[in-house]
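Here is work_26.cif, consisting of mmCIF, C-alpha atoms and all ligand atoms:
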data_upload
loop_
_atom_site.label_atom_id
_atom_site.label_comp_id
_atom_site.auth_asym_id
_atom_site.auth_seq_id
_atom_site.Cartn_x
_atom_site.Cartn_y
_atom_site.Cartn_z
CA MET A 89 80.22 112.30 92.21
CA ALA A 90 82.75 110.12 90.38
CA GLU A 91 81.74 106.50 89.74
CA LEU A 92 85.20 105.39 88.67
CA ALA A 93 88.72 105.51 90.04
CA ILE A 94 91.86 104.81 88.07
CA ILE A 95 95.00 103.63 89.80
CA GLY A 96 98.01 104.47 87.67
CA GLY A 97 101.01 102.19 87.82
CA THR A 98 104.57 102.36 86.51
CA GLY A 99 104.50 104.41 83.29
CA LEU A 100 101.19 106.07 84.17
CA THR A 101 101.90 108.47 87.03
CA THR A 102 99.69 111.14 85.43
CA LEU A 103 96.69 111.00 83.10
CA LYS A 104 97.49 113.49 80.33
CA ASN A 105 93.91 114.01 79.16
CA LEU A 106 92.43 114.34 82.62
CA GLU A 107 90.90 117.78 83.06
CA ILE A 108 91.88 118.31 86.69
CA LYS A 109 89.27 119.93 88.98
CA HIS A 110 90.97 119.55 92.32
CA ARG A 111 93.52 117.61 94.34
CA GLN A 112 92.51 116.06 97.63
CA VAL A 113 94.91 115.08 100.39
CA MET A 114 93.09 112.41 102.37
CA PRO A 115 94.43 111.04 105.64
CA THR A 116 93.13 107.55 106.42
CA PRO A 117 93.06 105.25 109.45
CA TYR A 118 95.96 103.44 107.73
CA GLY A 119 98.14 106.48 107.15
CA GLU A 120 98.89 108.44 104.01
CA PRO A 121 97.89 107.27 100.51
CA SER A 122 100.58 107.32 97.81
CA GLY A 123 99.68 110.92 96.99
CA PRO A 124 96.74 113.28 96.60
CA LEU A 125 93.60 112.01 94.94
CA ILE A 126 93.19 113.81 91.63
CA HIS A 127 89.55 114.64 90.89
CA GLY A 128 88.83 115.51 87.30
CA GLN A 129 87.00 114.75 84.09
CA LEU A 130 87.97 112.36 81.36
CA CYS A 131 85.67 112.31 78.32
CA ASN A 132 83.24 114.50 80.30
CA LYS A 133 82.94 111.88 83.05
CA ASP A 134 84.04 112.47 86.61
CA VAL A 135 86.93 110.23 87.61
CA VAL A 136 89.36 110.02 90.50
CA PHE A 137 93.00 109.22 89.80
CA ILE A 138 95.80 108.13 92.09
CA SER A 139 99.36 107.26 91.18
CA ARG A 140 100.22 104.02 93.02
CA HIS A 141 103.96 104.72 93.25
CA GLY A 142 103.56 108.44 93.95
CA ARG A 143 103.87 111.27 91.46
CA GLY A 144 107.64 111.00 91.21
CA HIS A 145 107.48 107.18 91.09
CA THR A 146 109.39 106.88 94.35
CA ILE A 147 107.36 104.27 96.29
CA PRO A 148 108.45 100.69 95.52
CA PRO A 149 105.78 97.95 95.27
CA HIS A 150 106.39 96.50 98.73
CA ARG A 151 106.14 99.95 100.37
CA VAL A 152 102.90 101.11 98.72
CA ASN A 153 100.25 101.81 101.36
CA TYR A 154 97.60 99.73 99.58
CA ARG A 155 95.15 99.99 102.48
CA ALA A 156 95.31 103.78 102.56
CA ASN A 157 94.94 104.03 98.76
CA ILE A 158 91.90 101.77 98.56
CA TRP A 159 90.29 103.21 101.69
CA ALA A 160 90.75 106.77 100.36
CA LEU A 161 89.25 105.86 96.98
CA ARG A 162 86.28 104.23 98.68
CA GLU A 163 85.76 107.37 100.77
CA THR A 164 85.28 109.43 97.59
CA GLY A 165 82.21 107.31 96.80
CA VAL A 166 83.53 105.59 93.65
CA ARG A 167 82.11 102.14 92.95
CA SER A 168 84.57 100.84 90.36
CA VAL A 169 88.33 100.80 90.05
CA ILE A 170 90.47 100.21 86.97
CA ALA A 171 93.97 99.38 88.17
CA VAL A 172 96.70 99.84 85.58
CA ALA A 173 99.82 97.75 86.21
CA ALA A 174 103.03 96.84 84.40
CA VAL A 175 103.76 93.11 84.20
CA GLY A 176 106.24 90.66 82.76
CA GLY A 177 104.85 88.26 80.16
CA ILE A 178 105.23 84.56 80.96
CA CYS A 179 103.11 82.97 78.20
CA GLU A 180 104.08 83.22 74.55
CA ASP A 181 101.15 85.53 73.72
CA MET A 182 102.17 88.02 76.43
CA GLN A 183 104.50 90.09 74.27
CA PRO A 184 105.84 93.54 75.31
CA GLY A 185 103.51 96.44 74.59
CA ARG A 186 100.37 94.30 74.62
CA LEU A 187 97.56 94.56 77.16
CA ALA A 188 96.06 91.84 79.34
CA PHE A 189 92.97 91.68 81.53
CA PRO A 190 93.64 88.97 84.13
CA ASP A 191 90.75 86.97 85.53
CA GLN A 192 92.67 85.14 88.28
CA ILE A 193 95.50 85.96 90.64
CA ILE A 194 97.90 84.07 92.90
CA ASP A 195 99.45 85.92 95.82
CA TYR A 196 103.16 85.19 96.42
CA THR A 197 103.78 88.38 98.40
CA TRP A 198 104.62 88.38 102.09
CA SER A 199 104.43 90.67 105.11
CA ARG A 200 102.32 93.31 103.39
CA GLN A 201 99.39 94.90 105.26
CA HIS A 202 96.81 92.83 103.44
CA THR A 203 93.49 93.38 105.20
CA CYS A 204 91.27 96.11 106.61
CA PHE A 205 89.41 93.48 108.64
CA GLU A 206 91.64 93.04 111.66
CA SER A 207 90.41 95.24 114.52
CA ASP A 208 87.16 96.85 115.68
CA LEU A 209 85.29 93.91 114.18
CA ASP A 210 81.74 92.90 115.12
CA GLN A 211 82.72 89.45 113.91
CA VAL A 212 85.52 87.76 112.00
CA THR A 213 84.88 88.37 108.29
CA HIS A 214 86.04 86.26 105.33
CA ILE A 215 85.41 87.74 101.89
CA ASP A 216 84.60 85.51 98.94
CA PHE A 217 87.49 85.85 96.50
CA THR A 218 86.74 82.97 94.13
CA GLU A 219 86.61 85.44 91.24
CA PRO A 220 89.08 88.13 92.33
CA TYR A 221 88.25 90.64 89.59
CA SER A 222 84.95 92.31 88.78
CA GLU A 223 83.58 90.61 85.66
CA PRO A 224 81.46 93.65 84.61
CA VAL A 225 84.51 95.95 84.73
CA ARG A 226 86.65 93.33 82.95
CA ARG A 227 83.96 93.04 80.23
CA LEU A 228 84.03 96.81 79.82
CA LEU A 229 87.80 96.76 79.25
CA ILE A 230 87.51 93.83 76.84
CA LYS A 231 84.74 95.56 74.88
CA ALA A 232 86.81 98.75 74.58
CA ALA A 233 89.92 96.82 73.48
CA ARG A 234 87.93 94.93 70.84
CA GLN A 235 86.41 98.16 69.58
CA LEU A 236 89.90 99.67 69.21
CA LYS A 237 91.26 96.42 67.72
CA LEU A 238 94.01 96.35 70.34
CA GLU A 239 95.86 93.09 70.84
CA ALA A 240 94.89 92.10 74.37
CA ALA A 241 94.74 88.86 76.33
CA GLU A 242 91.19 88.56 77.66
CA HIS A 243 92.07 85.98 80.31
CA GLY A 244 95.08 85.07 82.37
CA THR A 245 96.40 84.47 85.85
CA TYR A 246 98.46 87.24 87.45
CA ALA A 247 101.28 86.18 89.75
CA ALA A 248 101.77 88.82 92.46
CA MET A 249 105.43 88.75 93.52
CA GLN A 250 107.08 90.63 96.34
CA GLY A 251 109.77 92.51 94.39
CA PRO A 252 111.32 94.93 94.04
CA ARG A 253 113.81 92.65 92.28
CA LEU A 254 112.71 90.81 89.17
CA GLU A 255 112.43 87.02 89.30
CA THR A 256 114.89 84.24 88.57
CA ALA A 257 114.24 82.02 85.54
CA ALA A 258 113.44 79.14 87.92
CA GLU A 259 110.86 81.25 89.74
CA ILE A 260 109.18 82.04 86.43
CA ASP A 261 109.22 78.30 85.53
CA ARG A 262 107.49 77.62 88.82
CA LEU A 263 104.91 80.37 88.22
CA GLU A 264 104.19 78.89 84.80
CA ARG A 265 103.72 75.43 86.33
CA ASP A 266 101.29 77.09 88.76
CA GLY A 267 99.30 78.31 85.76
CA CYS A 268 100.37 81.98 85.81
CA SER A 269 100.57 83.83 82.52
CA MET A 270 101.87 87.21 83.73
CA VAL A 271 103.88 88.45 86.70
CA GLY A 272 103.77 91.75 88.55
CA MET A 273 104.41 93.18 92.01
CA THR A 274 101.34 95.26 92.88
CA GLY A 275 98.26 93.12 92.19
CA MET A 276 98.05 92.01 95.82
CA PRO A 277 96.87 92.99 98.34
CA GLU A 278 95.28 95.72 96.18
CA ALA A 279 92.65 93.46 94.59
CA ALA A 280 91.67 91.82 97.88
CA LEU A 281 91.40 95.13 99.73
CA ALA A 282 89.13 96.47 97.00
CA ARG A 283 86.88 93.43 97.49
CA GLU A 284 86.92 93.91 101.27
CA LEU A 285 85.77 97.50 100.85
CA GLY A 286 83.12 96.65 98.26
CA LEU A 287 84.75 98.17 95.19
CA CYS A 288 84.38 96.59 91.73
CA TYR A 289 88.01 96.18 90.75
CA ALA A 290 89.62 95.04 87.51
CA SER A 291 93.17 95.21 86.26
CA CYS A 292 94.50 96.51 82.97
CA ALA A 293 97.95 94.97 82.73
CA VAL A 294 100.56 96.24 80.29
CA ILE A 295 103.29 93.81 79.29
CA ALA A 296 106.55 95.66 79.93
CA ASN A 297 108.98 92.82 79.21
CA ARG A 298 109.23 89.09 78.66
CA ALA A 299 109.54 87.54 82.14
CA ALA A 300 112.93 86.25 83.34
CA GLY A 301 114.22 83.41 81.18
CA ARG A 302 111.50 83.93 78.56
CA GLY A 303 113.34 86.49 76.43
CA THR A 304 116.90 86.85 75.29
CA GLY A 305 119.48 88.18 77.73
CA THR A 306 118.97 90.36 80.76
CA ILE A 307 115.93 92.54 81.35
CA SER A 308 116.88 96.21 81.19
CA MET A 309 115.00 99.16 82.66
CA GLU A 310 115.48 100.95 79.31
CA ASP A 311 113.59 98.20 77.46
CA ILE A 312 110.86 98.20 80.10
CA GLU A 313 110.48 101.97 79.81
CA THR A 314 110.34 101.87 76.01
CA ASN A 315 107.67 99.16 76.02
CA LEU A 316 105.66 101.00 78.65
CA VAL A 317 105.57 104.17 76.55
CA SER A 318 103.79 102.33 73.73
CA GLY A 319 101.72 100.24 76.15
CA MET A 320 100.50 103.24 78.16
CA ALA A 321 99.55 105.09 74.97
CA LYS A 322 97.20 102.15 74.33
CA VAL A 323 95.89 102.34 77.91
CA ARG A 324 95.01 106.02 77.45
CA ARG A 325 93.04 105.20 74.28
CA LEU A 326 91.42 102.27 76.02
CA LEU A 327 90.28 104.41 78.95
CA GLU A 328 88.87 107.05 76.61
CA THR A 329 86.79 104.37 74.92
CA ALA A 330 85.81 102.51 78.08
CA ILE A 331 84.83 105.43 80.32
CA PRO A 332 81.89 106.68 78.21
CA MET A 333 80.53 103.10 78.29
CA LEU A 334 80.75 102.84 82.09
CA GLU A 335 77.16 103.91 82.74
CA GLY A 336 75.72 100.61 81.55
CA VAL A 337 77.96 98.60 83.87
CA SER A 338 76.22 97.25 86.94
CA CYS A 339 78.53 96.86 89.85
CA ARG A 340 77.37 94.41 92.47
CA GLU A 341 79.98 94.27 95.22
CA SER A 342 78.43 94.86 98.64
CA ARG A 343 79.91 97.68 100.67
CA PRO A 344 80.68 97.03 104.34
N1 LIG B 401 108.29 90.74 87.04
C1 LIG B 401 107.59 91.33 88.04
N2 LIG B 401 107.02 92.52 87.92
C2 LIG B 401 107.14 93.16 86.75
C3 LIG B 401 107.86 92.61 85.68
C4 LIG B 401 108.45 91.34 85.83
O1 LIG B 401 109.11 90.79 84.92
N3 LIG B 401 107.80 93.51 84.67
C5 LIG B 401 107.07 94.56 85.12
N4 LIG B 401 106.66 94.36 86.38
#
Structure rendered as structure tokens:
Amino acid sequence: MAELAIIGGTGLTTLKNLEIKHRQVMPTPYGEPSGPLIHGQLCNKDVVFISRHGRGHTIPPHRVNYRANIWALRETGVRSVIAVAAVGGICEDMQPGRLAFPDQIIDYTWSRQHTCFESDLDQVTHIDFTEPYSEPVRRLLIKAARQLKLEAAEHGTYAAMQGPRLETAAEIDRLERDGCSMVGMTGMPEAALARELGLCYASCAVIANRAAGRGTGTISMEDIETNLVSGMAKVRRLLETAIPMLEGVSCRESRP
């Protein structure tokens, strides 16, 4: 049984080196996940892969069925999740093509289905979310990046924005004043749902562009795509280094 799931984001709708064993369509109490779960082997380890925006990259961030995705992954029996996500870089060191492993998150999204704990409850449940990401999985990613000598920010606060539009320069100024170093559209409610369902979840962010007002001129999709090609090549190497080291990682989230 696979221990690890990988959620692919923009620029990573397939995992080239994944030796696919089978595809699983899994209905959930929350509806359809973004696509079939892909069961396969990467570096001789069983992993489950799902593309967050669907195989053809057709589901925008605010329409992703985060609850179905996380519920379906949990049903496969995985304990850990590495969530790959494209972000805009707010801080100076968040330059396009680099990686970042956030350790905090602020949720600016609205009207998304953000909890699995709302009906059929024995009692009202509040999860602890002081540290939103799994430190053991983060450490694994950091260790792999260091081993590969990849430039990667080992800390940072992820601002989860609603999208699908990019931000105004004033919004990015505000996020920076709030202490955010990177901005994306998919980090929430994904991280919180993973915690609710007892999965050890960490994010591997790829800087796709300088955030609004932090670079020169407008942000073009062409530039984002170019930066993601080089960034995702690093992610693939990172995963191939990290996955064989997964066994030593102790995951301590409690499963409901
Ligand atoms: N803002 C929000 N989400 C993003 C960005 C951005 O600049 N780049 C990639 N995802």
Can you work out which one of A:Glu328, A:Glu255, A:Asp261, A:Glu335 has the shortest atom-to-atom distance to ligand LIG 401 (chain B), counting all atoms listed in the file?
->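 When distances to ligand LIG 401 (chain B) are compared using all atoms listed in the file, the smallest one comes from A:Glu255.
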Determine, for each residue of range 188-207 of chain A having at least one atom at most 9 Å from an atom of range 149-157 of chain A, the closest pair of atoms and their separation in Å to one decimal, counting all atoms listed in the file; order by chain and ascending number, as a tab-separated table.
residue	atom	partner	partner_atom	distance
A:Thr197	CA	A:His150	CA	8.5
A:Trp198	CA	A:His150	CA	9.0
A:Ser199	CA	A:His150	CA	8.9
A:Arg200	CA	A:His150	CA	7.0
A:Gln201	CA	A:Arg155	CA	7.2
A:His202	CA	A:Arg155	CA	7.4
A:Thr203	CA	A:Arg155	CA	7.3
A:Cys204	CA	A:Arg155	CA	6.9
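Between Met273 in chain A and the candidates A:Ala296, A:Ala247, A:Met320, A:Ala232, the tightest atom-to-atom separation, counting only C-alpha atoms, involves A:Ala247.
Each of A:Gly165, A:Gly303, A:Gly144, A:Pro332 was checked against Ile260 in chain A using all atoms listed in the file; the smallest atom-to-atom distance is that of A:Gly303.
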If you count all atoms listed in the file, which residues fall within 9 Å of Ala330 in chain A, apart from same-chain ones fewer than 4 positions away, as a ChimeraX atom specification?
-> /A:228-233,325-326,334
So, counting all atoms listed in the file, which residue among A:Glu163, A:Glu313, A:Glu341, A:Glu206 is closest to Thr116 in chain A?
->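 Nearest to Thr116 in chain A: A:Glu163.
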Nearest candidate to Ile95 in chain A (options A:Ser291, A:Glu107, A:Leu238, A:Gly119; using all atoms listed in the file) | A:Ser291
Go through the chains and note each residue within 9 Å of ligand LIG 401 (chain B), using all atoms listed in the file, then give the set as a ChimeraX atom specification.
-> /A:98,173-178,247-255,260,270-274,294-300,307,312
Record the distance separating CA of Gly275 in chain A and CA of Ser139 in chain A, expressed in Å with one decimal.
->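 Result for CA of Gly275 in chain A versus CA of Ser139 in chain A: 14.2 Å, one decimal.
Among the candidate residues A:Thr102, A:Val113, A:Ile147, A:Gly301, the one lying nearest to Ala258 in chain A is A:Gly301, with distances computed using all atoms listed in the file.
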Expressed in Å, the length from CA of Ser338 in chain A to CA of Pro224 in chain A is 6.8 Å
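Counting all atoms listed in the file, Ala282 in chain A has the following residues at most 7 Å away, ignoring those fewer than 5 positions along the same chain: Ile158, Leu287 and Tyr289 of chain A.
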Measure the distance from CA of Ala171 in chain A to CA of Glu264 in chain A in Å and round it to one decimal.
-> 23.1 Å
